[in-house]
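**Q** Take a look at data_38.tsv, TSV, C-alpha atoms and all ligand atoms:
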chain	number	residue	atom	x	y	z
A	1	MET	CA	33.07	66.30	-54.26
A	2	SER	CA	33.78	70.04	-54.39
A	3	ASP	CA	30.86	72.25	-55.22
A	4	LYS	CA	31.07	74.96	-57.85
A	5	LYS	CA	31.70	77.76	-55.32
A	6	HIS	CA	34.64	75.89	-53.84
A	7	LEU	CA	36.04	75.23	-57.31
A	8	ILE	CA	35.86	78.92	-58.18
A	9	GLU	CA	37.73	79.80	-54.98
A	10	GLU	CA	40.38	77.19	-55.74
A	11	PHE	CA	40.79	78.62	-59.22
A	12	GLN	CA	41.25	82.11	-57.78
A	13	ARG	CA	43.87	80.76	-55.38
A	14	HIS	CA	45.84	79.10	-58.20
A	15	PHE	CA	45.51	81.71	-60.93
A	16	GLY	CA	44.80	84.98	-59.07
A	17	ALA	CA	41.72	85.71	-61.21
A	18	SER	CA	38.15	84.44	-61.56
A	19	PRO	CA	37.12	81.69	-64.00
A	20	THR	CA	34.61	82.49	-66.72
A	21	VAL	CA	33.32	79.00	-67.58
A	22	TYR	CA	32.20	75.97	-65.56
A	23	ALA	CA	31.45	72.43	-66.82
A	24	LYS	CA	30.65	69.07	-65.27
A	25	ALA	CA	30.38	65.57	-66.81
A	26	PRO	CA	29.51	62.25	-65.16
A	27	GLY	CA	31.35	58.94	-65.28
A	28	ARG	CA	29.32	55.94	-66.43
A	29	ILE	CA	28.31	52.37	-65.72
A	30	ASN	CA	27.09	50.03	-68.41
A	31	LEU	CA	24.13	47.83	-67.49
A	32	ILE	CA	24.73	45.54	-70.48
A	33	GLY	CA	26.24	45.55	-74.00
A	34	GLU	CA	29.99	45.03	-73.58
A	35	HIS	CA	32.43	45.30	-76.50
A	36	THR	CA	29.44	45.79	-78.78
A	37	ASP	CA	29.96	49.53	-79.43
A	38	TYR	CA	32.89	49.17	-81.85
A	39	ASN	CA	30.90	46.42	-83.58
A	40	ASN	CA	28.18	49.00	-84.43
A	41	GLY	CA	25.89	47.33	-81.89
A	42	PHE	CA	23.84	48.26	-78.81
A	43	VAL	CA	24.85	49.32	-75.29
A	44	LEU	CA	22.79	50.29	-72.23
A	45	PRO	CA	24.81	52.61	-69.96
A	46	ALA	CA	23.87	55.35	-67.48
A	47	GLY	CA	25.68	58.41	-66.14
A	48	ILE	CA	26.73	58.06	-62.49
A	49	ASP	CA	27.06	60.52	-59.66
A	50	PHE	CA	30.86	60.50	-59.73
A	51	SER	CA	31.98	63.26	-62.08
A	52	THR	CA	34.66	65.53	-63.50
A	53	GLN	CA	34.38	69.31	-63.11
A	54	VAL	CA	36.32	71.99	-64.92
A	55	VAL	CA	36.58	75.77	-64.50
A	56	LEU	CA	38.60	77.90	-66.89
A	57	SER	CA	39.39	81.41	-68.04
A	58	GLN	CA	40.80	82.36	-71.39
A	59	ARG	CA	44.24	83.83	-71.89
A	60	SER	CA	45.38	86.34	-74.47
A	61	ASP	CA	48.25	84.06	-75.58
A	62	ASN	CA	48.43	80.50	-76.92
A	63	ASN	CA	49.46	78.82	-73.69
A	64	VAL	CA	47.41	76.35	-71.66
A	65	THR	CA	48.03	75.89	-67.93
A	66	VAL	CA	46.25	72.98	-66.28
A	67	VAL	CA	45.96	72.23	-62.58
A	68	ALA	CA	44.60	68.72	-61.97
A	69	GLN	CA	43.71	69.04	-58.35
A	70	SER	CA	42.57	65.52	-57.65
A	71	MET	CA	45.89	64.24	-58.98
A	72	ASP	CA	47.94	66.93	-57.30
A	73	SER	CA	49.59	67.55	-60.64
A	74	HIS	CA	49.82	70.25	-63.28
A	75	ASP	CA	50.75	70.70	-66.92
A	76	ARG	CA	51.68	73.53	-69.28
A	77	PHE	CA	51.77	73.46	-73.08
A	78	THR	CA	51.43	75.69	-76.10
A	79	LEU	CA	48.70	75.44	-78.72
A	80	ASP	CA	51.31	76.22	-81.41
A	81	ASN	CA	52.66	72.69	-81.17
A	82	ILE	CA	50.76	70.19	-79.04
A	83	SER	CA	53.08	67.33	-78.21
A	84	LYS	CA	52.36	64.07	-76.39
A	85	GLN	CA	53.42	63.29	-72.85
A	86	THR	CA	54.86	59.93	-71.86
A	87	PRO	CA	53.59	57.50	-70.78
A	88	ARG	CA	50.82	57.30	-73.37
A	89	ASP	CA	48.05	57.20	-70.75
A	90	HIS	CA	49.38	60.21	-68.80
A	91	TRP	CA	46.31	62.20	-67.64
A	92	SER	CA	47.41	65.30	-69.51
A	93	ASN	CA	47.27	63.53	-72.89
A	94	TYR	CA	43.48	63.45	-72.51
A	95	VAL	CA	43.56	67.23	-72.06
A	96	ARG	CA	46.08	67.88	-74.83
A	97	GLY	CA	44.16	65.52	-77.12
A	98	ILE	CA	41.00	67.61	-76.81
A	99	PHE	CA	42.78	70.82	-77.85
A	100	TRP	CA	44.48	68.86	-80.64
A	101	VAL	CA	41.23	67.39	-82.00
A	102	LEU	CA	39.52	70.80	-82.01
A	103	GLN	CA	42.45	72.18	-84.00
A	104	GLN	CA	42.25	69.24	-86.42
A	105	HIS	CA	38.63	70.20	-87.10
A	106	GLY	CA	39.64	73.80	-87.81
A	107	PHE	CA	38.17	75.37	-84.65
A	108	SER	CA	40.00	78.43	-83.45
A	109	ILE	CA	40.76	78.03	-79.75
A	110	SER	CA	42.50	80.50	-77.47
A	111	GLY	CA	44.89	79.59	-74.66
A	112	CYS	CA	43.44	79.23	-71.17
A	113	ASP	CA	43.99	78.51	-67.49
A	114	LEU	CA	42.19	75.38	-66.36
A	115	LEU	CA	41.36	73.74	-63.06
A	116	ILE	CA	40.17	70.12	-63.13
A	117	VAL	CA	38.63	68.25	-60.20
A	118	GLY	CA	37.24	64.72	-60.36
A	119	ASP	CA	36.07	61.97	-58.03
A	120	ILE	CA	35.63	59.08	-60.50
A	121	PRO	CA	37.88	56.27	-59.23
A	122	MET	CA	40.56	56.03	-61.94
A	123	GLY	CA	41.42	52.79	-63.71
A	124	THR	CA	38.24	51.09	-62.49
A	125	GLY	CA	36.29	51.03	-65.76
A	126	LEU	CA	33.98	53.93	-64.82
A	127	SER	CA	35.16	56.18	-67.68
A	128	SER	CA	37.14	58.84	-65.89
A	129	SER	CA	38.91	59.64	-69.18
A	130	ALA	CA	35.77	60.00	-71.33
A	131	SER	CA	34.23	62.15	-68.59
A	132	LEU	CA	37.29	64.43	-68.63
A	133	GLU	CA	37.26	64.67	-72.43
A	134	VAL	CA	33.57	65.57	-72.65
A	135	CYS	CA	33.76	67.97	-69.71
A	136	LEU	CA	36.63	69.82	-71.31
A	137	LEU	CA	34.89	69.94	-74.69
A	138	GLN	CA	31.84	71.51	-73.03
A	139	ALA	CA	33.99	74.13	-71.27
A	140	LEU	CA	35.95	74.96	-74.44
A	141	SER	CA	32.78	75.03	-76.53
A	142	LEU	CA	31.31	77.66	-74.19
A	143	ALA	CA	34.53	79.67	-73.87
A	144	ASN	CA	35.14	79.78	-77.64
A	145	HIS	CA	31.45	80.03	-78.74
A	146	LEU	CA	31.61	76.74	-80.68
A	147	ASP	CA	28.10	75.62	-79.73
A	148	LEU	CA	29.01	71.92	-80.00
A	149	PRO	CA	26.01	69.56	-79.68
A	150	PRO	CA	26.44	66.67	-77.17
A	151	THR	CA	26.85	63.94	-79.79
A	152	THR	CA	29.48	66.00	-81.63
A	153	MET	CA	31.36	66.31	-78.35
A	154	ALA	CA	31.14	62.54	-77.98
A	155	THR	CA	32.62	61.86	-81.42
A	156	LEU	CA	35.35	64.50	-80.92
A	157	GLY	CA	36.26	62.95	-77.56
A	158	GLN	CA	36.46	59.51	-79.13
A	159	GLN	CA	38.67	60.85	-81.95
A	160	ALA	CA	41.01	62.50	-79.43
A	161	GLU	CA	41.32	59.19	-77.60
A	162	ASN	CA	41.75	57.11	-80.79
A	163	GLN	CA	44.08	59.44	-82.69
A	164	PHE	CA	45.98	61.43	-80.05
A	165	VAL	CA	46.06	59.24	-76.93
A	166	GLY	CA	46.23	56.06	-79.03
A	167	CYS	CA	43.48	53.99	-77.41
A	168	ASN	CA	41.16	52.38	-79.93
A	169	CYS	CA	37.95	52.70	-77.86
A	170	GLY	CA	34.39	52.74	-79.20
A	171	ILE	CA	31.80	55.52	-78.77
A	172	MET	CA	29.86	54.31	-75.70
A	173	ASP	CA	31.71	56.14	-72.95
A	174	GLN	CA	31.87	59.57	-74.57
A	175	PHE	CA	28.28	59.26	-75.84
A	176	ILE	CA	26.83	58.55	-72.41
A	177	CYS	CA	29.00	61.17	-70.65
A	178	ALA	CA	27.61	63.70	-73.14
A	179	ASN	CA	23.98	62.52	-73.40
A	180	ALA	CA	23.12	60.81	-70.09
A	181	GLN	CA	19.72	61.60	-68.56
A	182	GLN	CA	19.06	61.93	-64.86
A	183	GLY	CA	17.16	58.94	-63.51
A	184	HIS	CA	17.59	56.95	-66.74
A	185	ALA	CA	19.84	54.56	-68.58
A	186	LEU	CA	20.15	54.95	-72.37
A	187	LEU	CA	19.89	52.25	-74.99
A	188	ILE	CA	22.40	53.52	-77.56
A	189	ASP	CA	22.46	52.36	-81.14
A	190	CYS	CA	26.18	52.77	-81.87
A	191	GLN	CA	25.70	52.54	-85.63
A	192	HIS	CA	23.22	55.38	-85.94
A	193	LEU	CA	24.29	57.28	-82.80
A	194	SER	CA	20.69	57.42	-81.63
A	195	SER	CA	19.35	56.57	-78.18
A	196	ALA	CA	16.22	55.75	-76.20
A	197	SER	CA	15.84	56.07	-72.45
A	198	ALA	CA	15.12	53.23	-70.03
A	199	VAL	CA	14.30	53.25	-66.33
A	200	VAL	CA	15.54	50.71	-63.79
A	201	PRO	CA	12.33	49.47	-62.09
A	202	GLU	CA	11.56	50.85	-58.64
A	203	PRO	CA	12.57	48.00	-56.28
A	204	LEU	CA	16.06	47.75	-57.81
A	205	ALA	CA	19.01	49.92	-56.81
A	206	ILE	CA	22.07	50.30	-59.05
A	207	VAL	CA	25.11	49.14	-57.11
A	208	ILE	CA	28.71	49.40	-58.30
A	209	VAL	CA	31.27	47.12	-56.69
A	210	ASN	CA	34.91	47.94	-57.31
A	211	SER	CA	36.97	44.73	-57.32
A	212	ARG	CA	40.16	46.71	-56.61
A	213	VAL	CA	41.91	44.44	-59.12
A	214	LYS	CA	44.69	46.41	-60.78
A	215	ARG	CA	43.90	46.25	-64.47
A	216	GLY	CA	46.77	45.05	-66.64
A	217	LEU	CA	47.22	44.58	-70.39
A	218	VAL	CA	43.94	46.41	-70.95
A	219	ASP	CA	44.99	48.21	-74.13
A	220	SER	CA	46.69	45.31	-75.85
A	221	GLU	CA	43.90	42.86	-74.99
A	222	TYR	CA	41.23	45.41	-75.95
A	223	ASN	CA	42.82	46.02	-79.34
A	224	LEU	CA	43.24	42.28	-79.83
A	225	ARG	CA	39.49	41.74	-79.24
A	226	ARG	CA	38.75	44.38	-81.89
A	227	GLN	CA	41.00	42.60	-84.37
A	228	GLN	CA	39.35	39.26	-83.63
A	229	CYS	CA	35.91	40.77	-84.26
A	230	GLU	CA	37.18	42.19	-87.57
A	231	GLN	CA	38.49	38.77	-88.51
A	232	ALA	CA	35.04	37.28	-87.83
A	233	CYS	CA	33.46	39.95	-90.07
A	234	GLN	CA	35.77	39.04	-92.95
A	235	ILE	CA	34.85	35.37	-92.71
A	236	LEU	CA	31.13	36.18	-92.40
A	237	CYS	CA	31.36	38.71	-95.28
A	238	VAL	CA	29.70	41.48	-93.24
A	239	SER	CA	30.97	44.98	-92.59
A	240	SER	CA	30.21	44.74	-88.86
A	241	LEU	CA	29.00	42.06	-86.42
A	242	ARG	CA	25.81	44.13	-86.04
A	243	GLU	CA	24.77	42.65	-89.39
A	244	ALA	CA	25.30	39.04	-88.29
A	245	ASP	CA	22.97	36.73	-86.35
A	246	LEU	CA	23.57	33.42	-84.60
A	247	ALA	CA	22.22	31.38	-87.53
A	248	MET	CA	24.78	33.01	-89.88
A	249	LEU	CA	27.51	32.34	-87.36
A	250	GLU	CA	26.56	28.66	-86.96
A	251	ALA	CA	26.51	28.25	-90.73
A	252	ALA	CA	30.04	29.68	-91.02
A	253	GLN	CA	31.46	27.95	-87.93
A	254	HIS	CA	33.42	25.41	-89.96
A	255	LYS	CA	35.26	28.26	-91.76
A	256	MET	CA	36.60	29.96	-88.63
A	257	PRO	CA	39.03	29.20	-85.81
A	258	GLU	CA	37.17	28.22	-82.61
A	259	LEU	CA	38.47	31.32	-80.79
A	260	ILE	CA	37.09	33.68	-83.47
A	261	TYR	CA	33.78	31.83	-83.37
A	262	ARG	CA	33.50	32.40	-79.61
A	263	ARG	CA	34.45	36.06	-79.89
A	264	ALA	CA	31.75	36.63	-82.51
A	265	ARG	CA	29.22	34.61	-80.51
A	266	HIS	CA	29.74	36.95	-77.55
A	267	VAL	CA	29.13	40.10	-79.60
A	268	ILE	CA	26.13	38.76	-81.52
A	269	SER	CA	24.44	37.31	-78.43
A	270	GLU	CA	25.29	40.41	-76.35
A	271	ASN	CA	23.53	42.65	-78.86
A	272	ALA	CA	20.39	40.50	-78.54
A	273	ARG	CA	20.66	40.52	-74.72
A	274	THR	CA	21.00	44.31	-74.69
A	275	LEU	CA	17.77	44.79	-76.62
A	276	ALA	CA	16.09	42.17	-74.42
A	277	LEU	CA	17.25	43.90	-71.21
A	278	LYS	CA	15.77	47.19	-72.40
A	279	ASN	CA	12.41	45.40	-72.76
A	280	ALA	CA	12.74	43.60	-69.43
A	281	LEU	CA	13.42	46.93	-67.67
A	282	GLU	CA	10.36	48.46	-69.32
A	283	THR	CA	8.10	45.57	-68.27
A	284	SER	CA	9.76	45.14	-64.83
A	285	GLU	CA	10.45	41.43	-65.47
A	286	ILE	CA	13.02	41.05	-62.75
A	287	SER	CA	13.80	37.36	-63.21
A	288	GLN	CA	14.44	38.07	-66.90
A	289	ILE	CA	16.78	40.95	-65.92
A	290	SER	CA	18.57	38.49	-63.63
A	291	THR	CA	18.96	35.87	-66.36
A	292	LEU	CA	20.17	38.34	-69.01
A	293	MET	CA	22.81	39.84	-66.73
A	294	ALA	CA	24.02	36.37	-65.70
A	295	GLU	CA	24.23	35.29	-69.35
A	296	SER	CA	26.10	38.46	-70.26
A	297	HIS	CA	28.67	37.81	-67.54
A	298	ALA	CA	29.12	34.17	-68.55
A	299	SER	CA	29.59	35.23	-72.18
A	300	MET	CA	32.25	37.79	-71.21
A	301	ARG	CA	33.95	35.17	-69.02
A	302	ASP	CA	33.84	32.17	-71.35
A	303	ASP	CA	33.52	33.46	-74.92
A	304	PHE	CA	35.15	36.90	-74.89
A	305	GLU	CA	37.51	36.10	-71.99
A	306	ILE	CA	37.70	39.60	-70.54
A	307	THR	CA	36.77	38.99	-66.91
A	308	HIS	CA	39.13	38.20	-64.04
A	309	PRO	CA	38.85	35.50	-61.32
A	310	ALA	CA	38.26	38.14	-58.62
A	311	ILE	CA	35.51	39.75	-60.72
A	312	ASP	CA	33.90	36.34	-61.25
A	313	THR	CA	34.00	35.82	-57.47
A	314	LEU	CA	32.26	39.16	-56.86
A	315	VAL	CA	29.52	38.31	-59.36
A	316	ASP	CA	29.06	34.84	-57.81
A	317	ILE	CA	28.75	36.24	-54.26
A	318	ILE	CA	26.18	38.84	-55.34
A	319	ALA	CA	24.23	36.46	-57.58
A	320	SER	CA	23.99	33.77	-54.90
A	321	THR	CA	22.74	36.39	-52.43
A	322	ILE	CA	20.04	37.98	-54.59
A	323	GLY	CA	19.02	34.94	-56.70
A	324	GLN	CA	16.47	35.82	-59.38
A	325	HIS	CA	15.48	39.02	-57.54
A	326	GLY	CA	18.19	41.09	-59.30
A	327	GLY	CA	21.25	40.79	-61.53
A	328	ALA	CA	25.04	41.20	-61.51
A	329	ARG	CA	27.75	41.33	-64.17
A	330	MET	CA	31.12	42.90	-64.88
A	331	THR	CA	30.82	46.39	-66.40
A	332	GLY	CA	33.19	48.16	-68.80
A	333	GLY	CA	36.20	47.09	-70.84
A	334	GLY	CA	37.24	44.28	-68.50
A	335	PHE	CA	40.39	42.68	-67.05
A	336	GLY	CA	39.50	44.09	-63.63
A	337	GLY	CA	37.47	47.12	-62.66
A	338	CYS	CA	33.88	47.03	-61.44
A	339	VAL	CA	30.77	44.90	-61.25
A	340	VAL	CA	27.33	46.44	-61.74
A	341	ALA	CA	24.47	44.89	-59.80
A	342	LEU	CA	20.75	45.62	-59.74
A	343	VAL	CA	19.83	44.81	-56.16
A	344	PRO	CA	16.38	44.94	-54.47
A	345	THR	CA	16.71	47.78	-51.97
A	346	PRO	CA	15.78	45.64	-48.91
A	347	LEU	CA	18.64	43.24	-49.77
A	348	LEU	CA	21.34	45.94	-49.91
A	349	PRO	CA	22.62	45.39	-46.33
A	350	THR	CA	22.73	41.60	-46.87
A	351	VAL	CA	24.69	42.00	-50.13
A	352	LYS	CA	27.18	44.33	-48.42
A	353	ASN	CA	27.59	41.90	-45.51
A	354	LYS	CA	28.10	38.86	-47.75
A	355	LEU	CA	30.72	40.74	-49.77
A	356	ALA	CA	32.51	41.85	-46.61
A	357	GLU	CA	32.44	38.27	-45.28
A	358	GLN	CA	33.45	36.38	-48.40
A	359	TYR	CA	35.33	38.53	-50.97
A	360	PHE	CA	38.50	39.14	-48.98
A	361	LEU	CA	38.59	35.52	-47.80
A	362	GLN	CA	38.42	34.26	-51.37
A	363	THR	CA	40.66	36.81	-53.12
A	364	GLY	CA	42.73	38.73	-50.54
A	365	LEU	CA	41.17	41.96	-51.87
A	366	HIS	CA	38.86	44.49	-50.20
A	367	GLU	CA	35.92	45.54	-52.35
A	368	GLU	CA	34.37	49.02	-52.43
A	369	VAL	CA	30.60	49.38	-52.80
A	370	TYR	CA	28.93	52.50	-54.22
A	371	LEU	CA	25.22	53.10	-54.55
A	372	CYS	CA	24.62	54.90	-57.81
A	373	GLN	CA	22.01	57.39	-59.01
A	374	PRO	CA	21.69	57.70	-62.80
A	375	SER	CA	22.94	61.23	-63.44
A	376	GLN	CA	22.67	63.96	-66.05
A	377	GLY	CA	25.14	64.17	-68.94
A	378	VAL	CA	27.54	67.05	-69.47
A	379	GLN	CA	26.40	70.51	-68.39
A	380	GLY	CA	28.14	73.85	-68.49
A	381	GLU	CA	27.61	77.56	-67.96
A	382	LEU	CA	29.25	80.92	-68.40
A	383	LEU	CA	30.07	82.40	-65.00
A	384	ALA	CA	29.12	85.99	-64.33
A	401	LIG	C1	35.76	50.58	-72.86
A	401	LIG	C2	35.69	51.36	-74.16
A	401	LIG	C3	34.25	51.38	-74.70
A	401	LIG	C4	33.66	49.97	-74.77
A	401	LIG	C5	33.87	49.24	-73.45
A	401	LIG	C6	33.47	47.79	-73.52
A	401	LIG	O1	35.05	51.24	-71.85
A	401	LIG	O2	36.12	52.69	-73.96
A	401	LIG	O3	34.24	51.99	-75.97
A	401	LIG	O4	34.17	49.25	-75.85
A	401	LIG	O5	35.23	49.27	-73.04
A	401	LIG	O6	32.10	47.67	-73.69
Please express what this file holds, its structure, as structure tokens.
**A**
Amino acid sequence: MSDKKHLIEEFQRHFGASPTVYAKAPGRINLIGEHTDYNNGFVLPAGIDFSTQVVLSQRSDNNVTVVAQSMDSHDRFTLDNISKQTPRDHWSNYVRGIFWVLQQHGFSISGCDLLIVGDIPMGTGLSSSASLEVCLLQALSLANHLDLPPTTMATLGQQAENQFVGCNCGIMDQFICANAQQGHALLIDCQHLSSASAVVPEPLAIVIVNSRVKRGLVDSEYNLRRQQCEQACQILCVSSLREADLAMLEAAQHKMPELIYRRARHVISENARTLALKNALETSEISQISTLMAESHASMRDDFEITHPAIDTLVDIIASTIGQHGGARMTGGGFGGCVVALVPTPLLPTVKNKLAEQYFLQTGLHEEVYLCQPSQGVQGELLA
């Protein structure tokens, strides 16, 4: 990853002047709590050491020029009329959406030249888009003296993604990109937007394994899961699944289609597992961590149906290698992407070897393994 000095030189090369603002935001992994955020529930993510960095300088007109170096691409638009690019998930819509959302909230923003560099593997469920949104908000907040607090940046990023880009995501990704703490995961209460830190106990390393499965149908399936959760709420007469428990669900089972019952069972049980994992981390109960992560994966696979056969294979290989000495589950929105595993450090080489031996044989895919350090949330500074 480029350091700040290199980024400044690159900016000078592209724009012939020096940048005045620098910002950096991490990607994220989620240890547990999947598809619970938009149900007002609990999640337990951490920032990771892959990140997005931005440098910018303001212009005297209303134009924005963006160089996205890691994508070898650029974009130019005017703040007088911010239009959408096609396709919907074009990288520049995440940039345009941030300017758009700031305008919607009445902030006065000047035009600027922007250089973006990132090393978060895209489309792997590690939140490259939320990281970009929050990074940009931090840079624009500094450049335009908006003084936006981290949680405000998170909600603005989510609004840009919901209302401009058109993806109906919850708050987890933007919240953790904005508020992550070095060396910690955060238990986030998505209803009250509050958080408490948690530490992964010493013998365990956080390992991310990229399945290299190309994610398909993510948006339509994601939105469908949201609708199914809303349907469950109507039948249970609650405003969110956060308010329901398993006893309520059992009592109402006869009133709901079996599919809706299973969707709700995932969310309700996942909320309980998330709170339980926070406790198990605190008390270093490693076999409990192992059980909770295994149950979370099974619930995503069988009840919420968001995993993928290759992802299930990855989890099985890791779980059979580490037994009750650590845990493994899919992380993120699903339908491909990455697995997060908490692996005892001495077993890391064995896990890597087993994956190299078995994953390709079983799936025809080559995994990628990253060791992850929980990293700080968004940071920025004015450059001299
Ligand atoms: C995606 C969304 C998040 C969250 C996760 C699933 O990452 O952006 O809001 O819903 O999926 O937990």
**Q** Using only C-alpha atoms and all ligand atoms, find each residue of chain A with at least one atom at most 6 Å away from an atom of ligand LIG 401 (chain A); report its shortest atom-to-atom pair and that distance in Å (one decimal), sort the rows by chain and rising residue number, and return the result as a tab-separated table.
**A**
residue	atom	partner	partner_atom	distance
A:Glu34	CA	A:LIG401	O6	3.4
A:His35	CA	A:LIG401	O6	3.7
A:Asp37	CA	A:LIG401	O4	5.5
A:Cys169	CA	A:LIG401	O3	4.2
A:Gly170	CA	A:LIG401	O3	3.3
A:Ile171	CA	A:LIG401	O3	5.1
A:Met172	CA	A:LIG401	O3	5.0
A:Asp173	CA	A:LIG401	C3	5.7
A:Gly332	CA	A:LIG401	O1	4.7
A:Gly333	CA	A:LIG401	O5	3.2
**Q** Please determine, counting all atoms listed in the file, which residue among A:Gly166, A:Gly111, A:Pro257, A:Gly336 has the shortest atom-to-atom distance to Val64 of chain A.
**A**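 Smallest distance to Val64 of chain A is found for A:Gly111.
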**Q** One decimal, in Å: what's the spacing between atom CA of Phe164 of chain A and atom CA of Gly118 of chain A?
**A** 21.8 Å
**Q** Fewer than 2 positions away in the same chain doesn't count, so skip those; otherwise give me all residues within 6 Å of segment 291-302 of chain A, counting only C-alpha atoms, as an MDAnalysis selection string.
**A** chainID A and resid 266 288:289 304:307 327:329
**Q** Show which residues sit within 12 Å of Asp3 of chain A, as JSON, numbers by chain. Count all atoms listed in the file, and ignore same-chain residues fewer than 2 positions away.
**A** {"A": [1, 5, 6, 7, 8, 9, 10, 22, 23, 24, 51, 52, 53, 54, 55, 117, 118, 119]}
**Q** Would you save the residues of that selection, restricted to C-alpha atoms, as a compact mmCIF listing (two decimals), keeping the file's coordinate frame?
**A**
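So out_6.txt came out as:
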# COMPACT_ATOMS: atom_id res chain seq x y z
CA MET A 1 33.07 66.30 -54.26
CA LYS A 5 31.70 77.76 -55.32
CA HIS A 6 34.64 75.89 -53.84
CA LEU A 7 36.04 75.23 -57.31
CA ILE A 8 35.86 78.92 -58.18
CA GLU A 9 37.73 79.80 -54.98
CA GLU A 10 40.38 77.19 -55.74
CA TYR A 22 32.20 75.97 -65.56
CA ALA A 23 31.45 72.43 -66.82
CA LYS A 24 30.65 69.07 -65.27
CA SER A 51 31.98 63.26 -62.08
CA THR A 52 34.66 65.53 -63.50
CA GLN A 53 34.38 69.31 -63.11
CA VAL A 54 36.32 71.99 -64.92
CA VAL A 55 36.58 75.77 -64.50
CA VAL A 117 38.63 68.25 -60.20
CA GLY A 118 37.24 64.72 -60.36
CA ASP A 119 36.07 61.97 -58.03
**Q** Looking at A:Ala196, A:Leu348, A:Leu56, A:Leu44, which one is nearest to Leu137 of chain A, with distances taken over only C-alpha atoms?
**A**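 Smallest distance to Leu137 of chain A is found for A:Leu56.
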**Q** Pick out the residues sitting within 6 Å of Cys190 of chain A, and hand them over as a list in words; count only C-alpha atoms, and ignore anything fewer than 4 positions along from it in its own chain.
**A** Asp37, Asn40, Gly41 and Phe42 of chain A
**Q** When you look at Ile235 of chain A with a cut-off of 12 Å (counting all atoms listed in the file), what residues show up, excluding the ones that are within fewer than 5 positions of it in the same chain? I need them as a ChimeraX atom specification.
**A** /A:228-230,240-241,244,248-249,251-257,260-261,264
**Q** Which is closer to His14 of chain A than all the others in A:Ser290, A:Ile29, A:Ile116, A:Asp61, using all atoms listed in the file?
**A**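 Answer, going by the shortest atom-to-atom distance: A:Ile116.
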**Q** Which residues, protein or nucleic acid, reach to within 12 Å of (45.7, 58.4, -81.6) in the file's coordinates when using only C-alpha atoms, and can you give that as a list in words?
**A**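 Returned residue set, sorted by chain then number, is Lys84, Arg88, Asp89, Asn93, Tyr94, Arg96, Gly97, Ile98, Trp100, Val101, Gly157, Gln158, Gln159, Ala160, Glu161, Asn162, Gln163, Phe164, Val165, Gly166, Cys167, Asn168 and Cys169 of chain A.
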**Q** So that I can check the surroundings of Gln181 of chain A, please list as a list of chain:residue names every protein, DNA and RNA residue that reaches within 12 Å of it, counting all atoms listed in the file and ignoring chain neighbours fewer than 6 positions away.
**A**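 So the residues in contact are A:Ala25, A:Pro26, A:Arg28, A:Pro45, A:Ala46, A:Gly47, A:Ile48, A:Asp49, A:Phe175, A:Leu187, A:Ser195, A:Ala196, A:Ser197, A:Ala198, A:Val199, A:Gln373, A:Pro374, A:Ser375, A:Gln376, A:Gly377, A:Val378, A:Gln379.
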**Q** Which is closest to Leu132 of chain A among A:Thr65, A:Gln58, A:Gln174, A:Gln231, if we use all atoms listed in the file?
**A**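 So, comparing all the options, the nearest one is A:Gln174.
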**Q** Measuring between only C-alpha atoms, which one of A:Arg76, A:Arg242, A:His308, A:Arg13 shows the shortest distance to Lys214 of chain A?
**A**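 When distances to Lys214 of chain A are compared using only C-alpha atoms, the smallest one comes from A:His308.
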**Q** Choose the residue, out of A:Ile176, A:Ser287, A:Asp80, A:Ser239, that has the smallest atom-to-atom separation from Asn62 of chain A; count all atoms listed in the file.
**A**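 The shortest atom-to-atom distance to Asn62 of chain A comes from A:Asp80.
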